[in-house]
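File shown: target_24.tsv. Contents: TSV, C-alpha atoms.
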chain	number	residue	atom	x	y	z
A	1	MET	CA	29.74	-6.98	2.41
A	2	GLU	CA	27.34	-8.95	0.24
A	3	ARG	CA	24.14	-7.20	-0.71
A	4	VAL	CA	20.94	-8.50	0.88
A	5	VAL	CA	17.90	-8.50	-1.41
A	6	ILE	CA	14.42	-9.51	-0.22
A	7	VAL	CA	11.67	-10.17	-2.76
A	8	THR	CA	8.08	-10.73	-1.64
A	9	GLY	CA	5.93	-12.96	-3.82
A	10	ALA	CA	9.09	-14.51	-5.27
A	11	ASN	CA	7.95	-18.07	-5.98
A	12	SER	CA	6.45	-17.44	-9.44
A	13	GLY	CA	5.71	-14.88	-12.14
A	14	ILE	CA	7.45	-11.52	-12.10
A	15	GLY	CA	9.01	-12.11	-8.69
A	16	LEU	CA	10.74	-15.32	-9.76
A	17	ALA	CA	11.81	-13.81	-13.08
A	18	LEU	CA	13.37	-10.91	-11.18
A	19	CYS	CA	15.27	-13.29	-8.91
A	20	GLU	CA	16.68	-15.13	-11.91
A	21	ARG	CA	17.83	-11.88	-13.47
A	22	LEU	CA	19.37	-10.62	-10.22
A	23	LEU	CA	21.44	-13.76	-9.77
A	24	THR	CA	22.55	-13.62	-13.39
A	25	GLU	CA	23.81	-10.09	-12.70
A	26	ASP	CA	25.41	-10.80	-9.30
A	27	VAL	CA	25.62	-14.37	-8.00
A	28	GLN	CA	27.23	-13.05	-4.79
A	29	LEU	CA	23.92	-11.62	-3.60
A	30	ARG	CA	22.24	-12.85	-0.47
A	31	LEU	CA	18.79	-13.36	-2.01
A	32	CYS	CA	15.79	-13.96	0.24
A	33	LEU	CA	12.53	-15.32	-1.22
A	34	ALA	CA	9.73	-14.10	1.03
A	35	CYS	CA	6.69	-16.22	0.23
A	36	ARG	CA	3.37	-17.33	1.68
A	37	ASN	CA	3.50	-20.88	0.27
A	38	MET	CA	6.73	-22.51	1.44
A	39	GLN	CA	6.34	-25.56	-0.78
A	40	ARG	CA	6.32	-23.34	-3.85
A	41	ALA	CA	9.14	-21.28	-2.37
A	42	GLU	CA	11.27	-24.44	-2.03
A	43	ALA	CA	10.55	-25.28	-5.68
A	44	ALA	CA	11.52	-21.76	-6.75
A	45	ARG	CA	14.74	-21.96	-4.74
A	46	ALA	CA	15.61	-25.30	-6.32
A	47	ALA	CA	15.01	-23.89	-9.80
A	48	LEU	CA	17.26	-20.89	-9.10
A	49	LEU	CA	20.03	-23.09	-7.73
A	50	THR	CA	19.85	-25.30	-10.80
A	51	SER	CA	21.06	-22.41	-12.94
A	52	HIS	CA	23.09	-20.67	-10.19
A	53	ALA	CA	24.62	-23.46	-8.13
A	54	ASP	CA	26.83	-21.16	-6.05
A	55	ALA	CA	24.07	-18.67	-5.21
A	56	HIS	CA	23.00	-17.82	-1.65
A	57	VAL	CA	19.20	-18.19	-1.66
A	58	ASP	CA	17.31	-18.03	1.63
A	59	LEU	CA	13.63	-18.63	2.27
A	60	LEU	CA	11.35	-16.60	4.51
A	61	HIS	CA	7.77	-17.43	5.38
A	62	LEU	CA	5.77	-14.25	4.83
A	63	ASP	CA	2.08	-13.75	4.22
A	64	VAL	CA	1.75	-9.98	3.73
A	65	GLY	CA	-2.02	-10.34	4.16
A	66	SER	CA	-1.51	-11.44	7.78
A	67	MET	CA	-0.18	-8.82	10.16
A	68	LYS	CA	1.14	-11.42	12.62
A	69	SER	CA	3.00	-13.13	9.78
A	70	VAL	CA	4.51	-9.79	8.76
A	71	LEU	CA	5.69	-9.06	12.29
A	72	ASP	CA	7.11	-12.56	12.74
A	73	ALA	CA	8.89	-12.39	9.38
A	74	ALA	CA	10.36	-8.98	10.18
A	75	GLN	CA	11.73	-10.31	13.45
A	76	GLU	CA	13.30	-13.23	11.58
A	77	VAL	CA	14.90	-10.86	9.07
A	78	LYS	CA	16.38	-8.78	11.90
A	79	THR	CA	17.82	-11.96	13.41
A	80	ARG	CA	19.40	-13.12	10.13
A	81	TYR	CA	20.76	-9.92	8.57
A	82	ARG	CA	22.57	-6.79	9.71
A	83	LYS	CA	21.16	-4.71	6.85
A	84	VAL	CA	18.79	-4.89	3.88
A	85	ASP	CA	19.92	-3.32	0.61
A	86	PHE	CA	16.85	-3.97	-1.57
A	87	LEU	CA	13.31	-4.72	-0.51
A	88	TYR	CA	11.15	-5.60	-3.52
A	89	LEU	CA	7.47	-5.34	-2.58
A	90	ASN	CA	6.10	-7.55	-5.32
A	91	ALA	CA	3.43	-9.74	-3.66
A	92	GLY	CA	-0.15	-8.82	-4.47
A	93	ILE	CA	-3.64	-10.15	-5.10
A	94	MET	CA	-6.65	-9.38	-7.24
A	95	PRO	CA	-9.33	-11.65	-5.75
A	96	ASN	CA	-12.17	-12.92	-7.90
A	97	PRO	CA	-11.69	-10.42	-10.75
A	98	GLN	CA	-14.63	-10.21	-13.13
A	99	VAL	CA	-14.74	-8.77	-16.63
A	100	ASN	CA	-17.51	-6.33	-17.49
A	101	ILE	CA	-18.47	-7.95	-20.78
A	102	GLY	CA	-20.51	-4.95	-21.90
A	103	ALA	CA	-17.60	-2.59	-21.26
A	104	PHE	CA	-15.26	-5.02	-23.02
A	105	PHE	CA	-17.16	-5.06	-26.32
A	106	LYS	CA	-17.99	-1.37	-26.14
A	107	GLY	CA	-14.32	-0.52	-25.57
A	108	LEU	CA	-13.17	-2.98	-28.23
A	109	LEU	CA	-14.95	-0.94	-30.87
A	110	SER	CA	-13.85	2.45	-29.56
A	111	ARG	CA	-10.72	4.53	-30.02
A	112	ASN	CA	-9.88	3.79	-26.39
A	113	ALA	CA	-9.37	0.07	-27.06
A	114	ILE	CA	-5.59	0.19	-26.60
A	115	ARG	CA	-5.86	2.02	-23.26
A	116	MET	CA	-8.58	-0.38	-22.09
A	117	PHE	CA	-6.39	-3.42	-22.77
A	118	SER	CA	-3.30	-1.72	-21.32
A	119	THR	CA	-4.81	-0.58	-18.03
A	120	ALA	CA	-8.08	-2.59	-17.68
A	121	GLU	CA	-9.64	0.73	-16.73
A	122	GLY	CA	-13.40	0.29	-16.37
A	123	LEU	CA	-13.04	-3.34	-17.42
A	124	LEU	CA	-12.46	-5.23	-14.17
A	125	THR	CA	-14.21	-5.39	-10.82
A	126	GLN	CA	-13.13	-7.46	-7.84
A	127	GLN	CA	-14.89	-9.02	-4.87
A	128	ASP	CA	-13.01	-8.06	-1.73
A	129	ARG	CA	-13.50	-9.46	1.78
A	130	LEU	CA	-12.28	-9.08	5.36
A	131	ASN	CA	-9.23	-11.01	6.48
A	132	ALA	CA	-8.55	-12.50	9.92
A	133	ASP	CA	-7.26	-9.12	11.16
A	134	GLY	CA	-10.53	-7.40	10.26
A	135	LEU	CA	-8.88	-5.54	7.36
A	136	GLN	CA	-9.94	-5.54	3.73
A	137	GLU	CA	-7.94	-8.33	2.13
A	138	VAL	CA	-6.69	-6.43	-0.94
A	139	PHE	CA	-5.69	-3.39	1.10
A	140	ALA	CA	-3.89	-5.56	3.66
A	141	THR	CA	-2.01	-7.65	1.09
A	142	ASN	CA	-1.15	-5.05	-1.53
A	143	LEU	CA	-0.44	-2.10	0.74
A	144	PHE	CA	-0.66	-2.27	4.51
A	145	GLY	CA	1.28	-5.50	5.03
A	146	HIS	CA	4.15	-4.08	3.02
A	147	PHE	CA	3.93	-0.77	4.90
A	148	LEU	CA	4.16	-2.62	8.20
A	149	LEU	CA	7.12	-4.63	6.90
A	150	ILE	CA	8.99	-1.44	5.99
A	151	ARG	CA	8.25	0.05	9.40
A	152	GLU	CA	9.54	-3.04	11.20
A	153	LEU	CA	12.68	-3.22	9.07
A	154	GLU	CA	13.62	0.45	9.41
A	155	PRO	CA	16.66	-0.39	11.60
A	156	LEU	CA	18.04	-2.45	8.70
A	157	LEU	CA	16.91	-0.08	5.95
A	158	CYS	CA	17.80	3.28	7.48
A	159	GLN	CA	21.50	3.20	8.28
A	160	SER	CA	24.05	5.97	7.92
A	161	SER	CA	26.64	3.59	6.47
A	162	HIS	CA	24.74	2.71	3.28
A	163	THR	CA	21.72	3.47	1.12
A	164	SER	CA	18.82	1.07	0.81
A	165	ARG	CA	16.03	0.72	-1.69
A	166	VAL	CA	12.33	-0.12	-1.52
A	167	VAL	CA	10.68	-0.95	-4.85
A	168	TRP	CA	6.91	-1.30	-5.23
A	169	THR	CA	5.29	-3.32	-7.99
A	170	SER	CA	2.39	-1.06	-8.88
A	171	SER	CA	0.24	-0.98	-12.01
A	172	SER	CA	-1.05	1.28	-14.74
A	173	ASN	CA	-4.41	0.27	-13.26
A	174	ALA	CA	-3.62	2.45	-10.22
A	175	SER	CA	-6.43	4.97	-10.28
A	176	HIS	CA	-6.91	8.27	-8.46
A	177	SER	CA	-10.65	7.99	-9.04
A	178	ALA	CA	-10.77	4.57	-7.31
A	179	PHE	CA	-9.10	5.86	-4.13
A	180	SER	CA	-10.78	7.75	-1.30
A	181	MET	CA	-8.94	9.11	1.73
A	182	GLU	CA	-12.16	8.65	3.70
A	183	ASP	CA	-12.16	4.95	2.75
A	184	ILE	CA	-8.51	3.95	2.40
A	185	GLN	CA	-9.36	0.25	2.67
A	186	HIS	CA	-11.92	0.59	-0.14
A	187	ARG	CA	-14.68	-1.06	1.87
A	188	ASN	CA	-17.41	0.63	-0.16
A	189	GLY	CA	-16.05	0.36	-3.70
A	190	THR	CA	-15.67	-2.19	-6.48
A	191	GLU	CA	-12.04	-1.48	-7.49
A	192	PRO	CA	-9.91	-2.43	-4.46
A	193	TYR	CA	-6.93	-3.41	-6.63
A	194	SER	CA	-6.82	-0.02	-8.37
A	195	SER	CA	-7.24	1.74	-5.04
A	196	SER	CA	-4.46	-0.23	-3.34
A	197	LYS	CA	-2.02	0.36	-6.20
A	198	TYR	CA	-2.72	4.10	-6.24
A	199	ALA	CA	-2.16	4.15	-2.48
A	200	SER	CA	1.22	2.42	-2.94
A	201	ASP	CA	2.17	5.12	-5.45
A	202	MET	CA	1.38	7.79	-2.86
A	203	LEU	CA	3.14	5.93	-0.07
A	204	SER	CA	6.32	5.75	-2.13
A	205	VAL	CA	6.27	9.53	-2.51
A	206	ALA	CA	5.75	9.96	1.24
A	207	LEU	CA	8.61	7.56	2.05
A	208	ASN	CA	11.02	9.51	-0.13
A	209	ARG	CA	10.13	12.75	1.59
A	210	GLN	CA	10.58	11.31	5.05
A	211	LYS	CA	13.37	8.77	4.64
A	212	ASN	CA	15.77	9.92	1.90
A	213	SER	CA	17.80	11.81	4.51
A	214	GLN	CA	18.15	8.51	6.41
A	215	GLY	CA	19.42	6.63	3.37
A	216	LEU	CA	16.15	4.96	2.30
A	217	PHE	CA	14.90	5.53	-1.26
A	218	SER	CA	11.60	4.31	-2.67
A	219	SER	CA	10.63	3.65	-6.31
A	220	VAL	CA	7.51	2.44	-8.13
A	221	ILE	CA	7.28	0.30	-11.25
A	222	CYS	CA	4.58	-0.94	-13.60
A	223	PRO	CA	5.32	-4.33	-15.21
A	224	GLY	CA	2.92	-3.80	-18.11
A	225	LEU	CA	0.42	-6.44	-19.14
A	226	VAL	CA	2.04	-9.70	-18.07
A	227	MET	CA	0.65	-13.20	-18.27
A	228	THR	CA	0.92	-14.53	-14.69
A	229	ASN	CA	-1.26	-16.62	-12.39
A	230	LEU	CA	-3.02	-13.40	-11.39
A	231	THR	CA	-3.79	-12.53	-15.02
A	232	TYR	CA	-4.86	-16.04	-15.96
A	233	GLY	CA	-7.36	-15.98	-13.10
A	234	ILE	CA	-9.37	-13.15	-14.65
A	235	VAL	CA	-11.05	-15.28	-17.34
A	236	PRO	CA	-10.90	-18.99	-18.32
A	237	SER	CA	-7.58	-20.12	-19.80
A	238	PHE	CA	-9.08	-20.96	-23.19
A	239	PHE	CA	-9.98	-17.27	-23.60
A	240	TRP	CA	-6.32	-16.27	-23.33
A	241	THR	CA	-5.41	-18.93	-25.89
A	242	LEU	CA	-7.92	-17.43	-28.29
A	243	ILE	CA	-6.86	-13.81	-27.88
A	244	MET	CA	-3.07	-14.29	-27.53
A	245	PRO	CA	-2.49	-13.69	-31.27
A	246	ILE	CA	-4.55	-10.50	-30.93
A	247	MET	CA	-2.38	-9.37	-28.01
A	248	TYR	CA	0.80	-9.76	-30.04
A	249	LEU	CA	-0.88	-7.82	-32.85
A	250	ILE	CA	-1.86	-5.04	-30.45
A	251	ARG	CA	1.78	-4.85	-29.32
A	252	VAL	CA	2.52	-3.32	-32.71
A	253	PHE	CA	0.52	-0.28	-31.54
A	254	THR	CA	1.39	-0.19	-27.83
A	255	ASN	CA	4.58	-0.93	-25.91
A	256	THR	CA	2.84	-1.90	-22.65
A	257	PHE	CA	2.15	-5.53	-23.62
A	258	THR	CA	5.23	-7.07	-22.02
A	259	ILE	CA	3.41	-10.44	-21.83
A	260	SER	CA	6.20	-12.60	-20.30
A	261	PRO	CA	7.29	-12.33	-16.63
A	262	TYR	CA	10.89	-11.84	-17.81
A	263	ASN	CA	9.85	-8.77	-19.81
A	264	GLY	CA	7.60	-7.53	-17.01
A	265	ALA	CA	10.53	-7.61	-14.56
A	266	GLU	CA	12.54	-5.22	-16.77
A	267	ALA	CA	11.90	-2.10	-14.64
A	268	LEU	CA	12.50	-4.00	-11.39
A	269	PHE	CA	15.86	-5.22	-12.66
A	270	TRP	CA	16.76	-1.86	-14.24
A	271	LEU	CA	16.27	-0.11	-10.89
A	272	PHE	CA	18.70	-2.57	-9.31
A	273	LEU	CA	21.40	-1.13	-11.58
A	274	GLN	CA	20.66	2.55	-10.93
A	275	LYS	CA	21.99	4.94	-8.31
A	276	PRO	CA	19.03	6.06	-6.14
A	277	GLU	CA	20.04	9.71	-6.23
A	278	SER	CA	19.57	9.75	-10.01
A	279	LEU	CA	15.94	8.61	-9.88
A	280	ASP	CA	12.78	10.71	-9.91
A	281	PRO	CA	10.88	10.13	-6.63
A	282	ARG	CA	7.56	11.04	-8.30
A	283	ALA	CA	7.98	8.82	-11.37
A	284	LYS	CA	6.60	5.36	-12.06
A	285	TYR	CA	9.09	3.31	-14.04
A	286	HIS	CA	7.35	1.26	-16.72
A	287	SER	CA	8.53	-2.03	-18.21
A	288	LEU	CA	7.95	-1.73	-21.95
A	289	THR	CA	8.43	-4.06	-24.90
A	290	SER	CA	8.59	-2.95	-28.52
A	291	ALA	CA	6.81	-4.69	-31.39
A	292	LEU	CA	10.11	-6.42	-32.18
A	293	GLY	CA	10.48	-7.68	-28.60
A	294	ARG	CA	13.05	-5.18	-27.29
A	295	ASN	CA	12.70	-4.45	-23.58
A	296	TYR	CA	13.28	-1.00	-22.14
A	297	VAL	CA	12.22	1.24	-19.25
A	298	GLN	CA	10.48	4.59	-19.35
A	299	PRO	CA	9.50	6.87	-16.45
A	300	GLN	CA	6.10	8.53	-16.30
A	301	GLN	CA	5.00	11.09	-13.74
A	302	MET	CA	2.49	9.73	-11.23
A	303	ASP	CA	-0.85	11.43	-10.70
A	304	VAL	CA	-0.07	12.31	-7.09
A	305	ASP	CA	-0.43	15.74	-5.47
A	306	ASN	CA	1.81	17.28	-2.83
A	307	GLU	CA	-0.32	16.90	0.31
A	308	THR	CA	-2.22	13.61	0.06
A	309	PRO	CA	0.77	11.22	0.45
A	310	GLU	CA	1.57	12.68	3.89
A	311	VAL	CA	-2.07	12.34	4.96
A	312	LEU	CA	-2.13	8.70	3.88
A	313	PHE	CA	1.15	8.01	5.70
A	314	ALA	CA	-0.30	9.45	8.91
A	315	LYS	CA	-3.45	7.33	8.58
A	316	LEU	CA	-1.39	4.19	8.09
A	317	LEU	CA	0.62	5.01	11.21
A	318	GLU	CA	-2.63	5.23	13.16
A	319	LEU	CA	-3.77	1.92	11.75
A	320	GLU	CA	-0.41	0.37	12.62
A	321	ASN	CA	-0.85	1.37	16.26
A	322	PHE	CA	-4.39	0.01	16.28
A	323	VAL	CA	-3.35	-3.33	14.79
A	324	LYS	CA	-0.45	-3.76	17.19
A	325	LYS	CA	-2.70	-3.03	20.17
A	326	LYS	CA	-5.16	-5.58	18.86
A	327	LEU	CA	-2.36	-8.13	18.56
A	328	LYS	CA	-1.12	-7.01	22.00
A	329	ILE	CA	2.32	-6.03	20.75
Let me see the structure of the file written as structure tokens.
Amino acid sequence: MERVVIVTGANSGIGLALCERLLTEDVQLRLCLACRNMQRAEAARAALLTSHADAHVDLLHLDVGSMKSVLDAAQEVKTRYRKVDFLYLNAGIMPNPQVNIGAFFKGLLSRNAIRMFSTAEGLLTQQDRLNADGLQEVFATNLFGHFLLIRELEPLLCQSSHTSRVVWTSSSNASHSAFSMEDIQHRNGTEPYSSSKYASDMLSVALNRQKNSQGLFSSVICPGLVMTNLTYGIVPSFFWTLIMPIMYLIRVFTNTFTISPYNGAEALFWLFLQKPESLDPRAKYHSLTSALGRNYVQPQQMDVDNETPEVLFAKLLELENFVKKKLKI
């Protein structure tokens, strides 16, 4: 049977680059682009078919920030497919990111400059807001919508006849200090992106503990610093034009500046080629690029303890029940 691969946020950036690489590897895939903007999804599909005319590329309307959209999309997936082999959870937002100029110049002159540029730690703040479901927008889009999608697709993901894979696009910006179990939606903080990405790291660990025996394996990747629409939205475009030479210079000293979406998708694509049993369930797989432009993948242990992932999973189950009652499902 052909393998079914679903990629959320597949119409541009890392998601689209991944799709191109997957079809280059195996044009027999049944590839599903799960996107919020269907006009852009159609354009992405047309671009993929230009270079892979015989490919099977489906479109799915999915806004992971809307719980009704997630439930509707999951029902559509269950109607179309008998199984799902890979579910790439790539969609994400960082709304209204702002640079702390003082922290930028202070860090630029410190010995932590490389880490600051690589992770944006202490450099960015974001303005979050409530969505139509009454959830914090970043939490809903980056974490909970994907959690709900996994839950709804369990009949297609957890089957005795085959193994399936869930792959989260996380970040080196995922921060233990930004996350609070008492405030999982990060209503009271200024780093919702970091909090949501750390929560996805923990959720991956919890999924492996609970679902490996049912054939479902979860992995986490970091794409490195990639120039995408999300990145370009942080500061005006002319700023990136000015500092791009500096970024390539910094890449001599750090391997985390992947820069292009193709390079950033390295870990996502690499995981597609691996056997799940050989992977470390507590590792984050990083896309890295050498100073000479060579792409490779390196695992790093995540800063996640043994108990907290299970607690988070239980809280998300409670929230799932609450949301479904609210939607009268």
Q: Could you check which of A:Val77, A:Val84, A:Met302, A:Leu279 is closest to Gln159 in chain A, using only C-alpha atoms?
A: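 Going through A:Val77, A:Val84, A:Met302, A:Leu279 one by one, the smallest distance to Gln159 in chain A is for A:Val84.
Taking all atoms listed in the file into account, Asp26 in chain A lies nearest to A:Leu273 out of the set A:Leu130, A:Leu273, A:Ala314, A:Ala74.
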Q) Could you name the residues that touch Thr169 in chain A at 10 Å or less, counting all atoms listed in the file, but leaving out those on the same chain fewer than 3 positions away, as a list in words? A) Ile14, Gly15, Tyr88, Leu89, Asn90, Ala91, Gly92, Asn142, Lys197, Ser200, Asp201, Ser219, Val220, Ile221, Cys222, Pro223, Ala265, Ala267, Leu268, Lys284 and Tyr285 of chain A
Q | Nearest to Phe313 in chain A by atom-to-atom distance, counting only C-alpha atoms, from A:Gln210, A:Gln298, A:Ser260, A:Ser278 | A | A:Gln210
Q: Using only C-alpha atoms, pick whichever of A:Arg187, A:Arg40, A:His61, A:Arg80 has the shortest atom-to-atom distance to Val4 in chain A.
A: A:Arg80
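Rounded to one decimal, CA of Thr308 in chain A and CA of Met67 in chain A lie 24.7 Å from each other.
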Place N, CA, C and O atoms on range 293-304 of chain A and deliver the coordinates as a PDB file, in the coordinates of the input.
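What ended up in out_27.pdb:
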ATOM      1  N   GLY A 293      10.073  -6.931 -29.782  1.00  0.00           N
ATOM      2  CA  GLY A 293      10.480  -7.680 -28.600  1.00  0.00           C
ATOM      3  C   GLY A 293      11.617  -7.077 -27.807  1.00  0.00           C
ATOM      4  O   GLY A 293      12.166  -7.735 -26.928  1.00  0.00           O
ATOM      5  N   ARG A 294      11.973  -5.824 -28.058  1.00  0.00           N
ATOM      6  CA  ARG A 294      13.050  -5.180 -27.290  1.00  0.00           C
ATOM      7  C   ARG A 294      12.499  -4.606 -25.995  1.00  0.00           C
ATOM      8  O   ARG A 294      11.505  -3.872 -25.995  1.00  0.00           O
ATOM      9  N   ASN A 295      13.131  -4.936 -24.887  1.00  0.00           N
ATOM     10  CA  ASN A 295      12.700  -4.450 -23.580  1.00  0.00           C
ATOM     11  C   ASN A 295      13.415  -3.142 -23.223  1.00  0.00           C
ATOM     12  O   ASN A 295      14.609  -2.997 -23.476  1.00  0.00           O
ATOM     13  N   TYR A 296      12.681  -2.239 -22.625  1.00  0.00           N
ATOM     14  CA  TYR A 296      13.280  -1.000 -22.140  1.00  0.00           C
ATOM     15  C   TYR A 296      12.408  -0.417 -21.042  1.00  0.00           C
ATOM     16  O   TYR A 296      11.315  -0.924 -20.758  1.00  0.00           O
ATOM     17  N   VAL A 297      12.893   0.632 -20.391  1.00  0.00           N
ATOM     18  CA  VAL A 297      12.220   1.240 -19.250  1.00  0.00           C
ATOM     19  C   VAL A 297      11.984   2.720 -19.540  1.00  0.00           C
ATOM     20  O   VAL A 297      12.852   3.396 -20.096  1.00  0.00           O
ATOM     21  N   GLN A 298      10.818   3.188 -19.144  1.00  0.00           N
ATOM     22  CA  GLN A 298      10.480   4.590 -19.350  1.00  0.00           C
ATOM     23  C   GLN A 298       9.750   5.134 -18.131  1.00  0.00           C
ATOM     24  O   GLN A 298       8.792   4.526 -17.660  1.00  0.00           O
ATOM     25  N   PRO A 299      10.198   6.278 -17.603  1.00  0.00           N
ATOM     26  CA  PRO A 299       9.500   6.870 -16.450  1.00  0.00           C
ATOM     27  C   PRO A 299       8.303   7.703 -16.890  1.00  0.00           C
ATOM     28  O   PRO A 299       8.330   8.346 -17.944  1.00  0.00           O
ATOM     29  N   GLN A 300       7.266   7.677 -16.089  1.00  0.00           N
ATOM     30  CA  GLN A 300       6.100   8.530 -16.300  1.00  0.00           C
ATOM     31  C   GLN A 300       5.715   9.132 -14.959  1.00  0.00           C
ATOM     32  O   GLN A 300       5.716   8.441 -13.936  1.00  0.00           O
ATOM     33  N   GLN A 301       5.385  10.412 -14.974  1.00  0.00           N
ATOM     34  CA  GLN A 301       5.000  11.090 -13.740  1.00  0.00           C
ATOM     35  C   GLN A 301       3.704  10.508 -13.192  1.00  0.00           C
ATOM     36  O   GLN A 301       2.742  10.275 -13.925  1.00  0.00           O
ATOM     37  N   MET A 302       3.683  10.278 -11.868  1.00  0.00           N
ATOM     38  CA  MET A 302       2.490   9.730 -11.230  1.00  0.00           C
ATOM     39  C   MET A 302       1.485  10.846 -10.934  1.00  0.00           C
ATOM     40  O   MET A 302       1.867  11.993 -10.684  1.00  0.00           O
ATOM     41  N   ASP A 303       0.229  10.490 -10.971  1.00  0.00           N
ATOM     42  CA  ASP A 303      -0.850  11.430 -10.700  1.00  0.00           C
ATOM     43  C   ASP A 303      -1.050  11.552  -9.193  1.00  0.00           C
ATOM     44  O   ASP A 303      -2.037  11.073  -8.622  1.00  0.00           O
ATOM     45  N   VAL A 304      -0.065  12.184  -8.549  1.00  0.00           N
ATOM     46  CA  VAL A 304      -0.070  12.310  -7.090  1.00  0.00           C
ATOM     47  C   VAL A 304       0.201  13.764  -6.735  1.00  0.00           C
ATOM     48  O   VAL A 304       1.156  14.362  -7.236  1.00  0.00           O
TER      49      VAL A 304
END
